[in-house]
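Asker: Would you mind keeping the following structure in view while I ask a few things?
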Amino acid sequence: MNAEPAPTLAAIAERHLDEVLAYLVYLTADHTLAEDLTVETFERALRRWRRFDPRRGGARTWLCQLARSAALDHFRAESRRLRREERYAVRELREVPAPSFGEDLSPELEHALAELSRAEREVVALRVVLELDGETAARVLGISPSACSTRLSRALQKLEGMVSADAVA
Amino acid sequence: MLSPELATELRAARPTASAGLRERVLEIAAREQPPRPRRFPLPPLRRVALVVAPAALALAIGGALVHGLTHSGQNRAVSEGAGRVRPLPHLQPKKVELAPGPGPESDTLRAAVPNTAGRLQQYGAYLRLQVKDLGALSDATKRAMRFARLVGGYVAYVRYTTPAQGRGSASLIVRVPVDRVQDTIEEYSGLGTILSQKVTVLDVTKAVEEEAREIARLKAQIARIEAGGVTADEEYRLAALKARLDELTKRKTATVRRAQLARVALELTTKPKKAAASAGRFDRTMSDAGGVLLREGEILLYALIVAGPLLLLGAAFIAAGRLRDRRLFERS
């Protein structure tokens with residue numbers, strides 16, 4: 001019996017590109033930044049492709065881990081830049097684009113998602129949008145499955161509460 | 001939980017990649033080199049740790065056991081009697097008859113104590129012996145006393161102690177005729193294991209001869225005075241000379257007598273209790289292995305003490321990094 005041929009990076013990219021982008025959009029709340037980080041994620045994937053071992057987790061999990069790492073590096077760099085600018089009081093007033101998590105999202109849900117923290121949006125993206133199981137999501141986040149479950153529960157509760165409040169208003 | 005409507009809305013409105021982004025990403029992915037299959041794929045770090053840690057432990061214990069096995073083969077002599085005095089050739093314990101006759105063995109022994117016929121010598125000998133137990137102590141003490149009397153000597157002092165606990169001991173001082181001192185030493189040496197020994201010989205021939213000359217001179221002086229008639233003035237001097245003569249005579253007699261009887265001091269003790277019974281090979285192996293493991297533990301502890309601050313510093317850096325990352329994710 002012939003073994004199934006190993007998937008190529010191009011095939012994996014084609015298959016999981018939208019999921020990586022969606023994850024990064026939820027994490028960063030910035031579509032443009034998410035696109036840049038998606039490119040960075042696949043650059044990293046190309047560099048580490050030889051080290052990818054499908055037995056240790058699926059390609060989607062691996063790509064999400066790479067995306068998270070790229071985002072974390074960006075956040076760190078951004079944090080350093082902000083601190084530097086605060087120190088020298090040279091922060092320029094930039095136009096911050098309104099967060100957009102999807103084209104057809106209701107304004108209430110869009111607003112509620114924007115109010116969540118990155119960690120909360122991240123767990124919503126992994127568990128609800130990408131529909132990863134608890135254990136895989138926990139592996140991407142680097143936390144225990146129970147902690148992941150708690151974080152998701154809190155995030156959804158918060159999200160529901162804000163959406164309901166907006167609807168009443 | 002999230003209502004199904006909201007979940008459906010979130011999934012339906014999932015962002016999708018633009019054509020430009022898709023093109024860029026696929027362009028990156030197309031640069032992929034054909035993977036070279038690894039000859040020895042590296043296992044995950046945690047799996048390596050799960051194997052390496054027990055392997056290291058097994059190696060440490062195995063090494064200790066091997067060391068124990070290889071070093072416990074020969075039965076180590078129990079160090080009882082350590083520092084035991086090797087008997088001098090002439091004091092090697094040898095069984096002799098109570099009335100030994102001339103022969104090669106006694107000739108060897110006689111060579112130790114100079115055979116100086118015609119000279120007056122004071123012999124002193126000290127022997128410290130160890131016997132097996134209290135029964136042997138009692139037998140040896142009685143035998144030593146009997147032998148001293150048998151050779152024409154006497155027991156000057158004896159002390160025999162057998163405490164309820166601890167070591168029994170006996171001390172004897174015997175005086176034996178000089179011509180039997182070698183036999184006495186030889187006999188006593190056979191009573192037990194020699195722990196220490198000392199033999200002293202003091203030649204008193206010259207001293208006795210001087211005393212004899214002085215006595216003769218005094219006698220002549222006294223005779224001369226008595227022959228000339230003792231005047232009132234000389235009476236006092238004559239009395240002094242006689243007293244001096246008497247003293248010298250007594251001293252010479254004592255010196256000669258001491259030179260005729262040798263003084264032999266004998267101390268006997270029982271063996272100390274064994275510290276531990278001679279252990280079997282298994283016990284020795286375990287003991288050696290335990291020692292090696294203890295040493296390994298010491299090395300590990302030392303390494304931890306040396307590397308501890310660095311490890312703590314590293315752990316603090318990691319913890320600080322994680323805390324910072326968590327704060328980054330707490331932002332909106």
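By convention in this document, the chains of the structure tokens carry letters A, B, ... by their order, each chain's residues are numbered from 1, and ligands are numbered from 1 in the order they are shown.
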Select all residues from chain B having any atom no more than 6 Å from an atom of chain A (counting only C-alpha atoms, ignoring ligands), output as a PDB file with N, CA and C atoms, in the first residue's frame.
Answerer:
```
ATOM      1  N   LEU B   2     -22.106  31.048  24.064  1.00  0.00           N
ATOM      2  CA  LEU B   2     -22.525  31.933  22.977  1.00  0.00           C
ATOM      3  C   LEU B   2     -23.749  31.331  22.278  1.00  0.00           C
ATOM      4  N   ARG B  11     -18.798  32.948  12.303  1.00  0.00           N
ATOM      5  CA  ARG B  11     -18.160  32.043  11.324  1.00  0.00           C
ATOM      6  C   ARG B  11     -18.449  32.511   9.895  1.00  0.00           C
ATOM      7  N   ALA B  13     -19.036  35.500   8.888  1.00  0.00           N
ATOM      8  CA  ALA B  13     -18.353  36.758   8.556  1.00  0.00           C
ATOM      9  C   ALA B  13     -16.847  36.658   8.712  1.00  0.00           C
ATOM     10  N   ARG B  14     -16.332  35.427   8.717  1.00  0.00           N
ATOM     11  CA  ARG B  14     -14.886  35.230   8.921  1.00  0.00           C
ATOM     12  C   ARG B  14     -14.096  35.965   7.832  1.00  0.00           C
ATOM     13  N   PRO B  15     -13.077  36.714   8.218  1.00  0.00           N
ATOM     14  CA  PRO B  15     -12.302  37.441   7.201  1.00  0.00           C
ATOM     15  C   PRO B  15     -11.668  36.467   6.205  1.00  0.00           C
ATOM     16  N   THR B  16     -11.610  36.876   5.002  1.00  0.00           N
ATOM     17  CA  THR B  16     -10.968  36.052   3.975  1.00  0.00           C
ATOM     18  C   THR B  16      -9.840  36.848   3.332  1.00  0.00           C
ATOM     19  N   ALA B  17      -8.868  36.114   2.857  1.00  0.00           N
ATOM     20  CA  ALA B  17      -7.687  36.762   2.279  1.00  0.00           C
ATOM     21  C   ALA B  17      -8.025  37.382   0.939  1.00  0.00           C
ATOM     22  N   VAL B  25       1.300  35.151  -0.467  1.00  0.00           N
ATOM     23  CA  VAL B  25       1.556  33.974   0.389  1.00  0.00           C
ATOM     24  C   VAL B  25       1.913  32.765  -0.463  1.00  0.00           C
ATOM     25  N   LEU B  26       1.195  32.570  -1.561  1.00  0.00           N
ATOM     26  CA  LEU B  26       1.485  31.413  -2.408  1.00  0.00           C
ATOM     27  C   LEU B  26       2.856  31.542  -3.065  1.00  0.00           C
ATOM     28  N   ALA B  29       5.182  30.409  -0.448  1.00  0.00           N
ATOM     29  CA  ALA B  29       5.110  28.950  -0.280  1.00  0.00           C
ATOM     30  C   ALA B  29       5.749  28.217  -1.449  1.00  0.00           C
ATOM     31  N   ALA B  30       5.736  28.847  -2.628  1.00  0.00           N
ATOM     32  CA  ALA B  30       6.312  28.196  -3.803  1.00  0.00           C
ATOM     33  C   ALA B  30       7.833  28.108  -3.715  1.00  0.00           C
ATOM     34  N   PHE B 329      -1.352  40.726  25.866  1.00  0.00           N
ATOM     35  CA  PHE B 329      -2.578  40.105  25.373  1.00  0.00           C
ATOM     36  C   PHE B 329      -3.812  40.570  26.142  1.00  0.00           C
ATOM     37  N   GLU B 330      -3.581  41.257  27.271  1.00  0.00           N
ATOM     38  CA  GLU B 330      -4.740  41.743  28.024  1.00  0.00           C
ATOM     39  C   GLU B 330      -5.298  43.025  27.407  1.00  0.00           C
ATOM     40  N   ARG B 331      -4.504  43.621  26.520  1.00  0.00           N
ATOM     41  CA  ARG B 331      -4.977  44.857  25.880  1.00  0.00           C
ATOM     42  C   ARG B 331      -6.023  44.519  24.809  1.00  0.00           C
ATOM     43  N   SER B 332      -6.817  45.555  24.484  1.00  0.00           N
ATOM     44  CA  SER B 332      -7.848  45.345  23.454  1.00  0.00           C
ATOM     45  C   SER B 332      -7.236  45.400  22.069  1.00  0.00           C
TER      46      SER B 332
END
```
Asker: Which of segment 168-200 of chain B counts as strand (DSSP E or B) under DSSP, as a PyMOL selection string please?
Answerer: chain B and resi 169-177+193-200
Asker: Would you output that residue set with N, CA and C atoms, as an mmCIF file, in the first residue's frame?
Answerer:
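Result file part-v7.cif:
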```cif
data_model
loop_
_atom_site.group_PDB
_atom_site.id
_atom_site.type_symbol
_atom_site.label_atom_id
_atom_site.label_comp_id
_atom_site.auth_asym_id
_atom_site.auth_seq_id
_atom_site.Cartn_x
_atom_site.Cartn_y
_atom_site.Cartn_z
ATOM 1 N N SER B 169 40.877 -6.977 82.129
ATOM 2 C CA SER B 169 42.321 -6.763 82.095
ATOM 3 C C SER B 169 42.969 -7.348 83.344
ATOM 4 N N ALA B 170 44.237 -7.629 83.219
ATOM 5 C CA ALA B 170 45.016 -8.113 84.365
ATOM 6 C C ALA B 170 46.422 -7.538 84.262
ATOM 7 N N SER B 171 46.969 -7.148 85.418
ATOM 8 C CA SER B 171 48.344 -6.632 85.447
ATOM 9 C C SER B 171 49.137 -7.466 86.431
ATOM 10 N N LEU B 172 50.295 -7.868 86.022
ATOM 11 C CA LEU B 172 51.156 -8.654 86.906
ATOM 12 C C LEU B 172 52.574 -8.099 86.874
ATOM 13 N N ILE B 173 53.223 -8.151 88.014
ATOM 14 C CA ILE B 173 54.673 -7.887 88.050
ATOM 15 C C ILE B 173 55.280 -9.088 88.761
ATOM 16 N N VAL B 174 56.131 -9.752 88.054
ATOM 17 C CA VAL B 174 56.778 -10.934 88.647
ATOM 18 C C VAL B 174 58.281 -10.730 88.665
ATOM 19 N N ARG B 175 58.894 -11.368 89.634
ATOM 20 C CA ARG B 175 60.360 -11.349 89.673
ATOM 21 C C ARG B 175 60.833 -12.786 89.493
ATOM 22 N N VAL B 176 61.666 -12.941 88.516
ATOM 23 C CA VAL B 176 62.166 -14.289 88.222
ATOM 24 C C VAL B 176 63.689 -14.239 88.169
ATOM 25 N N PRO B 177 64.310 -15.345 88.444
ATOM 26 C CA PRO B 177 65.773 -15.367 88.350
ATOM 27 C C PRO B 177 66.243 -14.958 86.954
ATOM 28 N N THR B 193 48.190 -12.306 72.003
ATOM 29 C CA THR B 193 48.761 -11.537 70.899
ATOM 30 C C THR B 193 49.495 -10.329 71.467
ATOM 31 N N ILE B 194 50.721 -10.165 71.039
ATOM 32 C CA ILE B 194 51.525 -9.078 71.597
ATOM 33 C C ILE B 194 51.075 -7.744 71.021
ATOM 34 N N LEU B 195 50.729 -6.828 71.903
ATOM 35 C CA LEU B 195 50.346 -5.477 71.468
ATOM 36 C C LEU B 195 51.527 -4.521 71.597
ATOM 37 N N SER B 196 52.297 -4.670 72.657
ATOM 38 C CA SER B 196 53.515 -3.868 72.793
ATOM 39 C C SER B 196 54.466 -4.607 73.720
ATOM 40 N N GLN B 197 55.707 -4.204 73.608
ATOM 41 C CA GLN B 197 56.722 -4.929 74.382
ATOM 42 C C GLN B 197 57.938 -4.028 74.611
ATOM 43 N N LYS B 198 58.614 -4.279 75.695
ATOM 44 C CA LYS B 198 59.811 -3.485 75.994
ATOM 45 C C LYS B 198 60.741 -4.333 76.873
ATOM 46 N N VAL B 199 61.995 -4.285 76.545
ATOM 47 C CA VAL B 199 62.981 -5.017 77.350
ATOM 48 C C VAL B 199 64.096 -4.042 77.706
ATOM 49 N N THR B 200 64.430 -3.978 78.980
ATOM 50 C CA THR B 200 65.545 -3.104 79.377
ATOM 51 C C THR B 200 66.599 -3.931 80.120
#
```
Asker: Just the residues within 12 Å of segment 207-213 of chain B, please, counting only C-alpha atoms, with nothing from its chain fewer than 3 positions along; format it as an MDAnalysis selection string.
Answerer: chainID B and resid 119:122 202:204 216:220 244:259
Asker: Using DSSP on the backbone coordinates, identify all residues within segment 52-81 of chain A classified as alpha helix (DSSP H); present the result as a list in words.
Answerer: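 Matching residues for alpha helix (DSSP H) in segment 52-81 of chain A are Ala59, Arg60, Thr61, Trp62, Leu63, Cys64, Gln65, Leu66, Ala67, Arg68, Ser69, Ala70, Ala71, Leu72, Asp73, His74, Phe75, Arg76, Ala77, Glu78, Ser79, Arg80 and Arg81 of chain A.
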Asker: How would the residues just picked look written out with N, CA and C atoms as a PDB file, in the first residue's frame?
Answerer:
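That gives us part24.pdb:
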```
ATOM      1  N   ALA A  59      -1.275  20.837  10.541  1.00  0.00           N
ATOM      2  CA  ALA A  59      -0.681  22.017   9.908  1.00  0.00           C
ATOM      3  C   ALA A  59      -1.352  23.290  10.396  1.00  0.00           C
ATOM      4  N   ARG A  60      -2.666  23.209  10.633  1.00  0.00           N
ATOM      5  CA  ARG A  60      -3.381  24.415  11.085  1.00  0.00           C
ATOM      6  C   ARG A  60      -2.879  24.856  12.466  1.00  0.00           C
ATOM      7  N   THR A  61      -2.689  23.874  13.354  1.00  0.00           N
ATOM      8  CA  THR A  61      -2.165  24.202  14.692  1.00  0.00           C
ATOM      9  C   THR A  61      -0.785  24.833  14.586  1.00  0.00           C
ATOM     10  N   TRP A  62       0.033  24.212  13.741  1.00  0.00           N
ATOM     11  CA  TRP A  62       1.404  24.710  13.579  1.00  0.00           C
ATOM     12  C   TRP A  62       1.392  26.138  13.038  1.00  0.00           C
ATOM     13  N   LEU A  63       0.557  26.391  12.031  1.00  0.00           N
ATOM     14  CA  LEU A  63       0.482  27.742  11.450  1.00  0.00           C
ATOM     15  C   LEU A  63      -0.061  28.749  12.457  1.00  0.00           C
ATOM     16  N   CYS A  64      -1.042  28.332  13.243  1.00  0.00           N
ATOM     17  CA  CYS A  64      -1.572  29.246  14.273  1.00  0.00           C
ATOM     18  C   CYS A  64      -0.495  29.581  15.306  1.00  0.00           C
ATOM     19  N   GLN A  65       0.322  28.555  15.660  1.00  0.00           N
ATOM     20  CA  GLN A  65       1.420  28.819  16.612  1.00  0.00           C
ATOM     21  C   GLN A  65       2.414  29.807  16.013  1.00  0.00           C
ATOM     22  N   LEU A  66       2.725  29.625  14.735  1.00  0.00           N
ATOM     23  CA  LEU A  66       3.648  30.554  14.075  1.00  0.00           C
ATOM     24  C   LEU A  66       3.043  31.954  13.999  1.00  0.00           C
ATOM     25  N   ALA A  67       1.740  32.024  13.709  1.00  0.00           N
ATOM     26  CA  ALA A  67       1.063  33.317  13.622  1.00  0.00           C
ATOM     27  C   ALA A  67       1.072  34.018  14.978  1.00  0.00           C
ATOM     28  N   ARG A  68       0.846  33.226  16.008  1.00  0.00           N
ATOM     29  CA  ARG A  68       0.841  33.808  17.364  1.00  0.00           C
ATOM     30  C   ARG A  68       2.223  34.350  17.711  1.00  0.00           C
ATOM     31  N   SER A  69       3.242  33.583  17.346  1.00  0.00           N
ATOM     32  CA  SER A  69       4.614  33.998  17.624  1.00  0.00           C
ATOM     33  C   SER A  69       4.942  35.297  16.872  1.00  0.00           C
ATOM     34  N   ALA A  70       4.504  35.367  15.620  1.00  0.00           N
ATOM     35  CA  ALA A  70       4.749  36.586  14.826  1.00  0.00           C
ATOM     36  C   ALA A  70       4.021  37.780  15.434  1.00  0.00           C
ATOM     37  N   ALA A  71       2.782  37.540  15.864  1.00  0.00           N
ATOM     38  CA  ALA A  71       2.007  38.623  16.482  1.00  0.00           C
ATOM     39  C   ALA A  71       2.641  39.078  17.785  1.00  0.00           C
ATOM     40  N   LEU A  72       3.099  38.110  18.561  1.00  0.00           N
ATOM     41  CA  LEU A  72       3.735  38.431  19.851  1.00  0.00           C
ATOM     42  C   LEU A  72       4.975  39.285  19.627  1.00  0.00           C
ATOM     43  N   ASP A  73       5.775  38.907  18.633  1.00  0.00           N
ATOM     44  CA  ASP A  73       6.964  39.703  18.315  1.00  0.00           C
ATOM     45  C   ASP A  73       6.566  41.125  17.911  1.00  0.00           C
ATOM     46  N   HIS A  74       5.495  41.213  17.147  1.00  0.00           N
ATOM     47  CA  HIS A  74       5.034  42.549  16.735  1.00  0.00           C
ATOM     48  C   HIS A  74       4.582  43.356  17.963  1.00  0.00           C
ATOM     49  N   PHE A  75       3.805  42.716  18.837  1.00  0.00           N
ATOM     50  CA  PHE A  75       3.323  43.422  20.044  1.00  0.00           C
ATOM     51  C   PHE A  75       4.485  43.904  20.908  1.00  0.00           C
ATOM     52  N   ARG A  76       5.479  43.050  21.030  1.00  0.00           N
ATOM     53  CA  ARG A  76       6.655  43.428  21.836  1.00  0.00           C
ATOM     54  C   ARG A  76       7.347  44.637  21.211  1.00  0.00           C
ATOM     55  N   ALA A  77       7.546  44.561  19.902  1.00  0.00           N
ATOM     56  CA  ALA A  77       8.225  45.673  19.218  1.00  0.00           C
ATOM     57  C   ALA A  77       7.392  46.948  19.335  1.00  0.00           C
ATOM     58  N   GLU A  78       6.105  46.782  19.194  1.00  0.00           N
ATOM     59  CA  GLU A  78       5.205  47.940  19.301  1.00  0.00           C
ATOM     60  C   GLU A  78       5.249  48.531  20.704  1.00  0.00           C
ATOM     61  N   SER A  79       5.276  47.637  21.686  1.00  0.00           N
ATOM     62  CA  SER A  79       5.325  48.091  23.083  1.00  0.00           C
ATOM     63  C   SER A  79       6.617  48.873  23.346  1.00  0.00           C
ATOM     64  N   ARG A  80       7.720  48.373  22.814  1.00  0.00           N
ATOM     65  CA  ARG A  80       9.010  49.065  22.979  1.00  0.00           C
ATOM     66  C   ARG A  80       8.969  50.420  22.286  1.00  0.00           C
ATOM     67  N   ARG A  81       8.375  50.416  21.091  1.00  0.00           N
ATOM     68  CA  ARG A  81       8.312  51.683  20.336  1.00  0.00           C
ATOM     69  C   ARG A  81       7.482  52.721  21.099  1.00  0.00           C
TER      70      ARG A  81
END
```
